[in-house]
>>> print(open('protein31.txt').read())   # compact mmCIF, C-alpha atoms
# COMPACT_ATOMS: atom_id res chain seq x y z
CA MET A 10 -81.92 78.60 4.21
CA ALA A 11 -80.14 81.94 4.72
CA GLU A 12 -77.39 80.20 6.70
CA LYS A 13 -76.92 77.68 3.89
CA GLN A 14 -76.68 80.48 1.31
CA ARG A 15 -74.04 82.27 3.39
CA SER A 16 -72.07 79.04 3.75
CA THR A 17 -72.27 78.43 -0.02
CA ALA A 18 -71.16 82.00 -0.80
CA TYR A 19 -68.21 81.71 1.60
CA SER A 20 -67.17 78.37 0.12
CA MET A 21 -67.41 79.86 -3.38
CA PHE A 22 -65.15 82.73 -2.29
CA VAL A 23 -62.52 80.30 -0.97
CA ILE A 24 -62.66 78.09 -4.06
CA GLY A 25 -62.62 81.19 -6.27
CA SER A 26 -59.31 82.14 -4.64
CA LEU A 27 -57.93 78.73 -5.63
CA PHE A 28 -59.19 79.08 -9.21
CA PHE A 29 -57.36 82.41 -9.30
CA VAL A 30 -54.17 80.50 -8.44
CA PHE A 31 -54.98 77.88 -11.10
CA GLY A 32 -55.17 80.58 -13.75
CA PHE A 33 -52.10 82.46 -12.60
CA VAL A 34 -49.94 79.34 -12.81
CA THR A 35 -51.55 77.62 -15.82
CA TRP A 36 -51.49 80.44 -18.35
CA LEU A 37 -47.88 81.39 -17.61
CA ASN A 38 -46.98 78.62 -20.08
CA ASN A 39 -47.97 81.09 -22.80
CA ILE A 40 -44.91 83.17 -21.86
CA LEU A 41 -42.67 80.32 -20.73
CA ILE A 42 -42.67 78.70 -24.17
CA PRO A 43 -40.89 81.58 -26.00
CA TYR A 44 -38.75 82.22 -22.89
CA MET A 45 -37.52 78.61 -22.78
CA ARG A 46 -36.96 78.55 -26.53
CA THR A 47 -34.53 81.45 -26.15
CA SER A 48 -32.87 80.86 -22.77
CA CYS A 49 -32.47 77.09 -23.26
CA GLU A 50 -31.73 77.39 -27.00
CA LEU A 51 -34.53 75.10 -28.22
CA THR A 52 -34.64 74.53 -31.97
CA THR A 53 -38.05 72.99 -32.82
CA GLN A 54 -41.73 73.62 -32.14
CA VAL A 55 -42.05 70.22 -30.46
CA GLN A 56 -39.25 71.03 -27.97
CA GLY A 57 -41.05 74.24 -27.02
CA TYR A 58 -44.34 72.44 -26.40
CA LEU A 59 -42.64 70.10 -23.93
CA VAL A 60 -43.48 72.97 -21.54
CA THR A 61 -47.19 72.20 -21.89
CA PHE A 62 -46.48 68.44 -21.96
CA ALA A 63 -44.57 68.45 -18.65
CA PHE A 64 -47.27 70.57 -17.02
CA TYR A 65 -50.36 68.73 -18.22
CA ILE A 66 -49.01 65.16 -18.17
CA ALA A 67 -48.99 65.51 -14.38
CA TYR A 68 -52.79 65.47 -14.45
CA PHE A 69 -52.73 62.05 -16.10
CA VAL A 70 -50.17 60.65 -13.69
CA MET A 71 -51.50 62.14 -10.45
CA SER A 72 -55.30 62.36 -10.79
CA ILE A 73 -56.16 58.82 -9.64
CA PRO A 74 -53.72 59.02 -6.69
CA SER A 75 -55.32 62.38 -5.91
CA SER A 76 -58.75 60.79 -5.55
CA PHE A 77 -57.38 58.32 -2.98
CA VAL A 78 -55.60 61.14 -1.15
CA LEU A 79 -58.88 63.07 -0.92
CA LYS A 80 -60.64 60.02 0.47
CA ARG A 81 -58.20 60.11 3.40
CA THR A 82 -57.67 63.85 3.85
CA GLY A 83 -60.98 65.41 2.86
CA TYR A 84 -61.36 68.41 0.55
CA GLY A 85 -59.73 71.10 2.72
CA ASN A 86 -56.57 69.20 3.68
CA GLY A 87 -56.24 67.88 0.13
CA MET A 88 -56.32 71.41 -1.27
CA ALA A 89 -53.66 72.53 1.21
CA LEU A 90 -51.42 69.61 0.21
CA GLY A 91 -51.86 70.51 -3.45
CA LEU A 92 -50.68 74.06 -2.75
CA VAL A 93 -47.58 72.74 -0.95
CA ILE A 94 -46.66 70.56 -3.95
CA MET A 95 -47.12 73.56 -6.26
CA ALA A 96 -44.82 75.65 -4.05
CA ILE A 97 -42.11 72.97 -4.33
CA GLY A 98 -42.54 73.02 -8.11
CA CYS A 99 -42.06 76.79 -8.18
CA MET A 100 -38.90 76.46 -6.10
CA MET A 101 -37.47 74.08 -8.73
CA PHE A 102 -37.28 77.05 -11.11
CA ILE A 103 -34.51 78.55 -8.98
CA PRO A 104 -31.86 75.83 -9.60
CA GLY A 105 -33.29 75.48 -13.13
CA ALA A 106 -32.47 79.14 -13.82
CA MET A 107 -29.06 79.01 -12.16
CA MET A 108 -28.02 75.94 -14.15
CA ARG A 109 -30.02 76.96 -17.23
CA SER A 110 -31.33 73.40 -17.20
CA TYR A 111 -34.39 72.69 -19.36
CA PRO A 112 -35.03 69.30 -17.65
CA MET A 113 -35.05 71.07 -14.26
CA PHE A 114 -37.61 73.58 -15.52
CA LEU A 115 -39.72 70.72 -16.86
CA LEU A 116 -39.53 68.92 -13.50
CA GLY A 117 -40.74 72.10 -11.79
CA LEU A 118 -43.64 72.34 -14.24
CA PHE A 119 -44.51 68.68 -13.61
CA LEU A 120 -44.66 69.30 -9.85
CA GLN A 121 -46.82 72.39 -10.38
CA GLY A 122 -49.16 70.31 -12.52
CA SER A 123 -49.20 67.58 -9.84
CA GLY A 124 -50.27 70.04 -7.17
CA LEU A 125 -52.90 71.49 -9.48
CA SER A 126 -54.16 67.98 -10.22
CA LEU A 127 -54.91 67.48 -6.54
CA LEU A 128 -56.51 70.92 -6.29
CA GLN A 129 -58.65 70.39 -9.40
CA THR A 130 -59.75 66.93 -8.27
CA ALA A 131 -61.01 68.49 -5.04
CA SER A 132 -62.38 71.83 -6.20
CA ASN A 133 -64.29 71.01 -9.40
CA PRO A 134 -66.70 68.47 -7.87
CA PHE A 135 -66.98 70.75 -4.83
CA VAL A 136 -68.26 73.58 -7.04
CA THR A 137 -70.53 71.21 -8.99
CA VAL A 138 -72.32 69.59 -6.04
CA ILE A 139 -72.40 72.50 -3.60
CA GLY A 140 -75.60 73.76 -5.27
CA PRO A 141 -78.28 72.64 -7.76
CA ILE A 142 -76.87 70.66 -10.69
CA GLU A 143 -78.96 72.78 -13.12
CA SER A 144 -76.92 75.87 -12.25
CA ALA A 145 -73.55 74.11 -12.02
CA ALA A 146 -72.40 75.66 -15.32
CA ARG A 147 -73.05 79.13 -13.85
CA ARG A 148 -70.92 78.39 -10.77
CA MET A 149 -68.19 76.89 -12.95
CA SER A 150 -68.30 80.02 -15.14
CA ILE A 151 -67.72 82.19 -12.07
CA MET A 152 -64.70 80.06 -11.24
CA GLY A 153 -63.56 80.41 -14.84
CA ILE A 154 -63.65 84.20 -14.51
CA CYS A 155 -61.34 84.00 -11.50
CA ASN A 156 -59.07 81.68 -13.49
CA LYS A 157 -58.80 83.84 -16.59
CA VAL A 158 -58.44 87.19 -14.80
CA ALA A 159 -55.48 85.68 -12.97
CA GLY A 160 -54.12 84.37 -16.27
CA MET A 161 -54.13 87.86 -17.79
CA ILE A 162 -52.41 89.33 -14.75
CA GLY A 163 -49.86 86.51 -14.73
CA ILE A 164 -49.01 86.91 -18.43
CA LEU A 165 -48.42 90.65 -18.01
CA ILE A 166 -46.31 90.24 -14.88
CA LEU A 167 -44.19 87.38 -16.17
CA TYR A 168 -43.68 88.95 -19.60
CA ASN A 169 -42.41 92.17 -18.02
CA ALA A 170 -40.20 90.18 -15.61
CA LEU A 171 -38.67 87.98 -18.31
CA PHE A 172 -38.72 90.15 -21.44
CA GLY A 173 -39.40 93.74 -20.32
CA GLY A 174 -36.54 95.99 -21.36
CA LYS A 175 -34.56 92.98 -22.66
CA GLU A 176 -35.31 93.30 -26.37
CA ALA A 177 -31.70 94.34 -27.12
CA LEU A 178 -30.37 91.42 -25.03
CA ILE A 179 -32.56 88.91 -26.89
CA GLU A 180 -31.54 90.29 -30.28
CA SER A 181 -27.88 90.11 -29.22
CA ILE A 182 -28.35 86.47 -28.19
CA LYS A 183 -29.84 85.62 -31.59
CA VAL A 184 -26.81 86.95 -33.52
CA ALA A 185 -24.05 86.08 -31.03
CA GLU A 186 -21.54 83.36 -31.85
CA PRO A 187 -21.23 80.44 -29.38
CA GLY A 188 -18.80 81.26 -26.61
CA PRO A 189 -18.45 82.79 -23.12
CA GLU A 190 -20.07 86.08 -24.12
CA LYS A 191 -23.22 84.39 -25.41
CA GLU A 192 -23.33 82.10 -22.35
CA ALA A 193 -23.22 85.16 -20.09
CA MET A 194 -26.13 86.78 -21.97
CA LEU A 195 -28.17 83.57 -21.83
CA GLN A 196 -27.53 83.30 -18.09
CA GLN A 197 -28.65 86.90 -17.59
CA LEU A 198 -31.92 86.13 -19.37
CA SER A 199 -32.38 82.87 -17.46
CA ASN A 200 -31.91 84.56 -14.07
CA GLY A 201 -34.94 86.74 -14.74
CA VAL A 202 -37.25 83.90 -13.69
CA ILE A 203 -35.88 83.63 -10.14
CA ILE A 204 -37.59 86.53 -8.37
CA PRO A 205 -41.08 85.95 -9.92
CA TYR A 206 -41.06 82.31 -8.85
CA LEU A 207 -39.76 83.10 -5.37
CA ILE A 208 -42.70 85.48 -4.95
CA MET A 209 -45.08 82.85 -6.32
CA THR A 210 -43.76 80.31 -3.80
CA ALA A 211 -44.42 82.73 -0.93
CA VAL A 212 -47.98 83.36 -2.17
CA LEU A 213 -48.69 79.63 -2.36
CA VAL A 214 -47.43 79.10 1.20
CA ALA A 215 -49.70 81.95 2.37
CA LEU A 216 -52.64 80.27 0.62
CA VAL A 217 -51.91 77.03 2.50
CA LEU A 218 -52.46 78.91 5.76
CA PHE A 219 -55.63 80.49 4.33
CA ILE A 220 -57.11 77.12 3.34
CA LYS A 221 -56.20 75.55 6.70
CA THR A 222 -58.13 78.28 8.53
CA ALA A 223 -61.07 78.46 6.09
CA HIS A 224 -62.84 75.35 7.49
CA LEU A 225 -64.55 74.35 4.25
CA PRO A 226 -67.56 72.04 4.68
CA GLU A 227 -67.06 68.45 3.56
CA ILE A 228 -69.32 67.29 0.73
CA VAL A 229 -70.78 63.85 1.47
CA GLU A 230 -72.24 61.95 -1.48
CA GLU A 231 -74.88 59.27 -0.99
CA GLU A 232 -73.93 55.74 -1.99
CA LYS A 233 -75.65 54.73 -5.23
CA LYS A 234 -77.25 51.27 -5.34
CA ILE A 235 -79.31 49.23 -7.78
CA ASP A 236 -81.56 46.56 -6.29
CA GLY A 237 -79.67 46.85 -3.03
CA HIS A 238 -76.25 46.38 -4.66
CA LYS A 239 -73.59 49.03 -4.92
CA THR A 240 -73.18 50.31 -8.48
CA SER A 241 -69.93 50.18 -10.43
CA ILE A 242 -68.26 53.20 -12.03
CA PHE A 243 -68.55 51.25 -15.30
CA ASN A 244 -72.34 51.55 -15.10
CA TYR A 245 -72.17 55.17 -16.27
CA PRO A 246 -71.16 55.28 -19.97
CA TYR A 247 -71.97 58.99 -20.23
CA MET A 248 -69.29 59.69 -17.62
CA TRP A 249 -66.59 57.84 -19.58
CA LEU A 250 -67.58 59.66 -22.76
CA GLY A 251 -67.40 62.92 -20.80
CA VAL A 252 -63.85 62.12 -19.71
CA LEU A 253 -62.80 61.93 -23.36
CA ALA A 254 -64.68 65.16 -24.08
CA ILE A 255 -62.60 66.94 -21.42
CA PHE A 256 -59.44 65.52 -23.05
CA PHE A 257 -60.32 67.06 -26.40
CA TYR A 258 -61.60 70.30 -24.90
CA VAL A 259 -58.46 71.01 -22.86
CA GLY A 260 -56.26 70.12 -25.82
CA ALA A 261 -58.16 72.61 -28.00
CA GLU A 262 -58.10 75.35 -25.35
CA VAL A 263 -54.35 75.02 -24.76
CA ILE A 264 -53.62 75.03 -28.50
CA ALA A 265 -55.80 78.11 -29.03
CA ILE A 266 -53.85 80.11 -26.41
CA ASP A 267 -50.35 78.71 -25.95
CA THR A 268 -49.59 78.61 -29.70
CA LEU A 269 -50.44 82.27 -30.30
CA ILE A 270 -46.94 83.71 -29.76
CA PRO A 271 -45.23 81.13 -32.06
CA TYR A 272 -48.05 81.67 -34.57
CA GLY A 273 -47.39 85.40 -34.46
CA GLU A 274 -43.69 84.71 -35.06
CA TYR A 275 -44.69 82.69 -38.15
CA TYR A 276 -46.07 85.94 -39.55
CA ASP A 277 -43.02 87.94 -38.33
CA ILE A 278 -44.91 89.62 -35.47
CA PRO A 279 -42.45 90.46 -32.63
CA THR A 280 -42.96 88.98 -29.15
CA SER A 281 -43.42 92.49 -27.74
CA VAL A 282 -46.70 92.56 -29.71
CA SER A 283 -47.71 88.89 -29.80
CA HIS A 284 -47.49 88.40 -26.02
CA TYR A 285 -50.75 90.35 -25.83
CA PHE A 286 -52.50 87.72 -27.96
CA GLY A 287 -52.81 85.38 -24.97
CA ILE A 288 -54.38 88.20 -22.95
CA TYR A 289 -56.86 88.90 -25.76
CA ALA A 290 -57.77 85.21 -25.79
CA LEU A 291 -58.37 85.23 -22.04
CA ILE A 292 -60.55 88.34 -22.45
CA ALA A 293 -62.56 86.41 -25.04
CA LEU A 294 -62.93 83.60 -22.50
CA LEU A 295 -64.09 86.09 -19.87
CA ILE A 296 -66.75 87.46 -22.20
CA GLY A 297 -67.89 83.91 -22.85
CA TYR A 298 -68.06 83.18 -19.12
CA PHE A 299 -70.14 86.30 -18.49
CA CYS A 300 -72.53 85.24 -21.26
CA GLY A 301 -72.78 81.82 -19.61
CA ILE A 302 -73.61 83.38 -16.25
CA LEU A 303 -76.29 85.61 -17.82
CA PHE A 304 -77.98 83.09 -20.10
CA VAL A 305 -77.35 79.59 -18.65
CA PRO A 306 -79.66 78.03 -17.46
CA LYS A 307 -82.15 80.94 -17.35
CA PHE A 308 -82.61 81.25 -21.12
CA ILE A 309 -80.78 78.24 -22.52
CA SER A 310 -79.71 74.88 -21.09
CA GLN A 311 -76.02 74.21 -20.56
CA ARG A 312 -76.20 71.38 -23.12
CA ASN A 313 -77.72 73.55 -25.87
CA ALA A 314 -75.24 76.34 -25.11
CA LEU A 315 -72.43 73.81 -25.54
CA ILE A 316 -73.75 72.74 -28.97
CA ILE A 317 -74.06 76.34 -30.18
CA GLN A 318 -70.53 77.21 -29.06
CA LEU A 319 -69.12 74.10 -30.73
CA LEU A 320 -70.68 75.10 -34.05
CA LEU A 321 -69.20 78.60 -33.61
CA ALA A 322 -65.76 77.08 -32.92
CA ILE A 323 -65.92 75.01 -36.11
CA VAL A 324 -66.77 78.14 -38.14
CA LEU A 325 -63.86 80.05 -36.56
CA VAL A 326 -61.36 77.29 -37.42
CA ILE A 327 -62.59 77.36 -41.03
CA VAL A 328 -62.00 81.13 -41.07
CA ALA A 329 -58.52 80.69 -39.55
CA LEU A 330 -57.53 78.08 -42.15
CA THR A 331 -58.89 80.00 -45.15
CA THR A 332 -57.26 83.32 -44.23
CA HIS A 333 -53.76 84.44 -43.29
CA GLY A 334 -51.95 86.94 -41.09
CA ILE A 335 -53.83 89.01 -38.54
CA VAL A 336 -57.29 87.82 -39.69
CA SER A 337 -56.32 84.20 -39.08
CA ILE A 338 -54.80 85.13 -35.70
CA ILE A 339 -57.99 86.96 -34.66
CA ALA A 340 -60.05 83.87 -35.55
CA ILE A 341 -57.84 81.71 -33.29
CA ILE A 342 -58.12 84.28 -30.49
CA CYS A 343 -61.94 84.27 -30.84
CA LEU A 344 -61.96 80.49 -30.37
CA SER A 345 -61.52 81.18 -26.68
CA PHE A 346 -64.96 82.81 -26.58
CA ALA A 347 -66.43 79.59 -27.96
CA HIS A 348 -64.43 77.54 -25.44
CA ALA A 349 -65.82 79.38 -22.42
CA ILE A 350 -68.96 77.26 -22.00
CA MET A 351 -67.28 73.92 -22.75
CA TRP A 352 -65.66 73.08 -19.41
CA PRO A 353 -68.61 74.39 -17.33
CA ALA A 354 -71.08 72.40 -19.48
CA ILE A 355 -69.15 69.15 -20.03
CA TRP A 356 -68.30 68.69 -16.35
CA PRO A 357 -71.86 68.57 -14.90
CA LEU A 358 -73.15 66.59 -17.91
CA ALA A 359 -70.49 63.96 -17.21
CA ILE A 360 -70.68 63.60 -13.41
CA HIS A 361 -74.37 64.07 -12.64
CA ASP A 362 -76.04 61.43 -10.48
CA LEU A 363 -72.86 59.48 -9.70
CA GLY A 364 -73.33 59.41 -5.93
CA ASP A 365 -70.28 58.11 -4.07
CA HIS A 366 -68.47 57.63 -7.39
CA THR A 367 -68.21 61.41 -7.79
CA GLU A 368 -64.68 61.75 -6.35
CA PHE A 369 -63.25 58.96 -8.51
CA ALA A 370 -65.07 60.21 -11.61
CA SER A 371 -63.75 63.70 -10.92
CA ALA A 372 -60.24 62.27 -10.75
CA LEU A 373 -60.78 60.69 -14.17
CA MET A 374 -62.04 64.03 -15.50
CA VAL A 375 -59.00 65.82 -14.16
CA MET A 376 -56.80 63.06 -15.57
CA ALA A 377 -58.26 63.90 -18.99
CA ILE A 378 -56.64 67.34 -18.74
CA VAL A 379 -53.67 65.42 -20.20
CA GLY A 380 -55.20 66.53 -23.50
CA GLY A 381 -53.31 69.77 -22.83
CA ALA A 382 -50.08 67.74 -22.92
CA ILE A 383 -50.75 65.49 -25.90
CA MET A 384 -52.56 67.69 -28.41
CA PRO A 385 -50.10 70.64 -28.42
CA LEU A 386 -47.30 68.13 -29.11
CA ILE A 387 -49.27 66.78 -32.06
CA TYR A 388 -49.88 70.36 -33.19
CA GLY A 389 -46.13 71.06 -32.87
CA ARG A 390 -45.27 67.97 -34.91
CA ILE A 391 -47.66 69.05 -37.68
CA ALA A 392 -46.33 72.62 -37.49
CA ASP A 393 -42.76 71.36 -37.91
CA ALA A 394 -43.74 69.05 -40.79
CA VAL A 395 -46.08 71.47 -42.62
CA ASN A 396 -46.56 74.87 -40.99
CA PRO A 397 -48.25 76.37 -37.88
CA HIS A 398 -51.17 77.63 -39.99
CA ALA A 399 -52.21 74.24 -41.37
CA ALA A 400 -51.69 72.57 -37.98
CA TYR A 401 -54.84 74.23 -36.62
CA ALA A 402 -56.88 71.71 -38.66
CA LEU A 403 -56.23 69.38 -35.72
CA LEU A 404 -58.91 71.30 -33.81
CA PHE A 405 -61.65 69.78 -36.01
CA VAL A 406 -61.00 66.42 -34.29
CA SER A 407 -61.66 67.96 -30.87
CA TYR A 408 -64.84 69.77 -31.83
CA ALA A 409 -66.29 66.80 -33.73
CA TYR A 410 -65.96 64.52 -30.71
CA ILE A 411 -67.29 67.08 -28.19
CA LEU A 412 -70.26 67.68 -30.51
CA PHE A 413 -70.94 63.94 -30.44
CA PHE A 414 -70.83 63.98 -26.64
CA ALA A 415 -73.15 67.01 -26.39
CA THR A 416 -75.75 65.60 -28.79
CA VAL A 417 -75.60 61.84 -28.14
CA GLY A 418 -72.96 60.74 -25.64
CA CYS A 419 -74.26 62.60 -22.59
CA LYS A 420 -77.63 60.83 -22.98
CA ILE A 421 -76.26 57.30 -22.94
CA GLU A 422 -77.44 55.88 -19.62
CA ARG A 423 -76.89 52.45 -18.17
CA LYS A 424 -79.19 49.88 -19.78
>>> encode(input="protein31.txt", output="structure tokens")
Amino acid sequence: MAEKQRSTAYSMFVIGSLFFVFGFVTWLNNILIPYMRTSCELTTQVQGYLVTFAFYIAYFVMSIPSSFVLKRTGYGNGMALGLVIMAIGCMMFIPGAMMRSYPMFLLGLFLQGSGLSLLQTASNPFVTVIGPIESAARRMSIMGICNKVAGMIGILILYNALFGGKEALIESIKVAEPGPEKEAMLQQLSNGVIIPYLIMTAVLVALVLFIKTAHLPEIVEEEKKIDGHKTSIFNYPYMWLGVLAIFFYVGAEVIAIDTLIPYGEYYDIPTSVSHYFGIYALIALLIGYFCGILFVPKFISQRNALIIQLLLAIVLVIVALTTHGIVSIIAIICLSFAHAIMWPAIWPLAIHDLGDHTEFASALMVMAIVGGAIMPLIYGRIADAVNPHAAYALLFVSYAYILFFATVGCKIERK
């Protein structure tokens, strides 16, 4: 028993390191959106949110292939391959910056998302099944803490690298007439991304070596059968409903964080102030994760915690829509506290008791992260047509469906 506990703790440490990388890369989009809007001279909200689209659409495209890759490579080798693909994606930022090419940046983001898709497909079920299913939300919350701490660090580092001390340059770009002088200023701003992404590439390569020497145990699921016959993945309606719940959850989480800087600009709050909003949101997520670790499942089940947080999220959106300025912004930031339990609770509710279907189901769950690509684009379209304030009404769709899953959908078993 003691040996098993040590093995579990070591595996959690290794996977926690990967979740740290997930957070560092994922939440950089919060800074990349205003950076791309300036350096690549984007003109609409929708164009800016192509950053999130390129990143998260990779989950939809690559998740099913990732499940087949993991079948052949195993968890450890699959994670290492994912890190290599991410490193290639980071390297794409170098020619993107030199040519000031928005499509090149988007290709780099797609490759980063592809590598993360493989990593997520391997690591999330690993964390879920490595211990008792009843405490899966607690383990997922610990991983979430690693993710969000990295996100805060990443936002601070990248903001200082891209915008620190460049306020005068950015203001000059805004008022400059088209011509060689403006092109030179835009190129100077664009080049700021090169060194951070070179360093990130080196870190990812180092992590490949770490994973290859970590010797993670392989998780073997028992084959599920009914009356001696192998079951089909279509025999688990609660899993399919859970996939859609992840779609709406990720869409809501990305909107609640990656729209904060543009939302601040809507109220004439400078980027030097609004770039902290994403950090505040990640702090709110951290507090939510700590609450999950303390209270789930000891005092409240992960399902009931999910329902309570969904009701809180609905109240916060109502506050955001019925107020303006800093009060509305604070309400959107606080949504992240309500979001903290959603991923850790939805995931185990959706993949419990799937047996040898777990890897494929996990790939479908990771595929549903495409919600982070689709829903911000819809938000951007509404923001362009109406305004960024009213566009937050879109979040009601997400919370209504997840509430259905938490109360009814997760109980729908095979007849």
>>> closest_residue(input="protein31.txt", among="A:Ile182, A:Met71, A:Ile278, A:Ile264", to="Cys49 of chain A", atoms="all atoms listed in the file")
A:Ile182
>>> residues_near_point(input="protein31.txt", point="(-50.6, 69.4, -13.3)", cutoff="6 Å", atoms="all atoms listed in the file", output="tab-separated table (two decimals) with C-alpha atoms, in the coordinates of the input")
chain	number	residue	atom	x	y	z
A	64	PHE	CA	-47.27	70.57	-17.02
A	65	TYR	CA	-50.36	68.73	-18.22
A	67	ALA	CA	-48.99	65.51	-14.38
A	68	TYR	CA	-52.79	65.47	-14.45
A	121	GLN	CA	-46.82	72.39	-10.38
A	122	GLY	CA	-49.16	70.31	-12.52
A	123	SER	CA	-49.20	67.58	-9.84
A	125	LEU	CA	-52.90	71.49	-9.48
A	126	SER	CA	-54.16	67.98	-10.22
>>> closest_residue(input="protein31.txt", among="A:Val263, A:Gly381, A:Phe299, A:Leu404", to="Val326 of chain A", atoms="all atoms listed in the file")
A:Leu404
>>> closest_residue(input="protein31.txt", among="A:Ala106, A:Leu27, A:Leu116, A:Ala392", to="Ile220 of chain A", atoms="all atoms listed in the file")
A:Leu27
>>> closest_residue(input="protein31.txt", among="A:Val55, A:Ala170, A:Ala177, A:Ile42", to="Leu269 of chain A", atoms="only C-alpha atoms")
A:Ile42
>>> residues_around(input="protein31.txt", residues="Leu218 of chain A", least_positions_apart="5", cutoff="12 Å", atoms="only C-alpha atoms", output="number ranges by chain")
A: 85-86, 88-90, 92-93, 211-213, 223-224
>>> atom_distance(input="protein31.txt", atom1="atom CA of Ser48 of chain A", atom2="atom CA of Glu180 of chain A")
12.1 Å
>>> closest_residue(input="protein31.txt", among="A:Tyr245, A:Asp365, A:Ser310, A:Thr332", to="Lys420 of chain A", atoms="all atoms listed in the file")
A:Tyr245
>>> closest_residue(input="protein31.txt", among="A:Met161, A:Ile255, A:Met95, A:Leu128", to="Leu358 of chain A", atoms="all atoms listed in the file")
A:Ile255
>>> atom_distance(input="protein31.txt", atom1="atom CA of Ser20 of chain A", atom2="atom CA of Ile97 of chain A")
26.0 Å
>>> atom_distance(input="protein31.txt", atom1="atom CA of Arg390 of chain A", atom2="atom CA of Gly57 of chain A")
10.9 Å
>>> residues_near_point(input="protein31.txt", point="(-64.4, 58.2, -18.8)", cutoff="10 Å", atoms="only C-alpha atoms", output="mmCIF file with C-alpha atoms, keeping the file's coordinate frame")
data_model
loop_
_atom_site.group_PDB
_atom_site.id
_atom_site.type_symbol
_atom_site.label_atom_id
_atom_site.label_comp_id
_atom_site.auth_asym_id
_atom_site.auth_seq_id
_atom_site.Cartn_x
_atom_site.Cartn_y
_atom_site.Cartn_z
ATOM 1 C CA ILE A 242 -68.260 53.200 -12.030
ATOM 2 C CA PHE A 243 -68.550 51.250 -15.300
ATOM 3 C CA TYR A 245 -72.170 55.170 -16.270
ATOM 4 C CA PRO A 246 -71.160 55.280 -19.970
ATOM 5 C CA TYR A 247 -71.970 58.990 -20.230
ATOM 6 C CA MET A 248 -69.290 59.690 -17.620
ATOM 7 C CA TRP A 249 -66.590 57.840 -19.580
ATOM 8 C CA LEU A 250 -67.580 59.660 -22.760
ATOM 9 C CA GLY A 251 -67.400 62.920 -20.800
ATOM 10 C CA VAL A 252 -63.850 62.120 -19.710
ATOM 11 C CA LEU A 253 -62.800 61.930 -23.360
ATOM 12 C CA ALA A 254 -64.680 65.160 -24.080
ATOM 13 C CA ILE A 255 -62.600 66.940 -21.420
ATOM 14 C CA PHE A 256 -59.440 65.520 -23.050
ATOM 15 C CA ALA A 359 -70.490 63.960 -17.210
ATOM 16 C CA ILE A 360 -70.680 63.600 -13.410
ATOM 17 C CA ALA A 370 -65.070 60.210 -11.610
ATOM 18 C CA SER A 371 -63.750 63.700 -10.920
ATOM 19 C CA ALA A 372 -60.240 62.270 -10.750
ATOM 20 C CA LEU A 373 -60.780 60.690 -14.170
ATOM 21 C CA MET A 374 -62.040 64.030 -15.500
ATOM 22 C CA MET A 376 -56.800 63.060 -15.570
ATOM 23 C CA ALA A 377 -58.260 63.900 -18.990
#
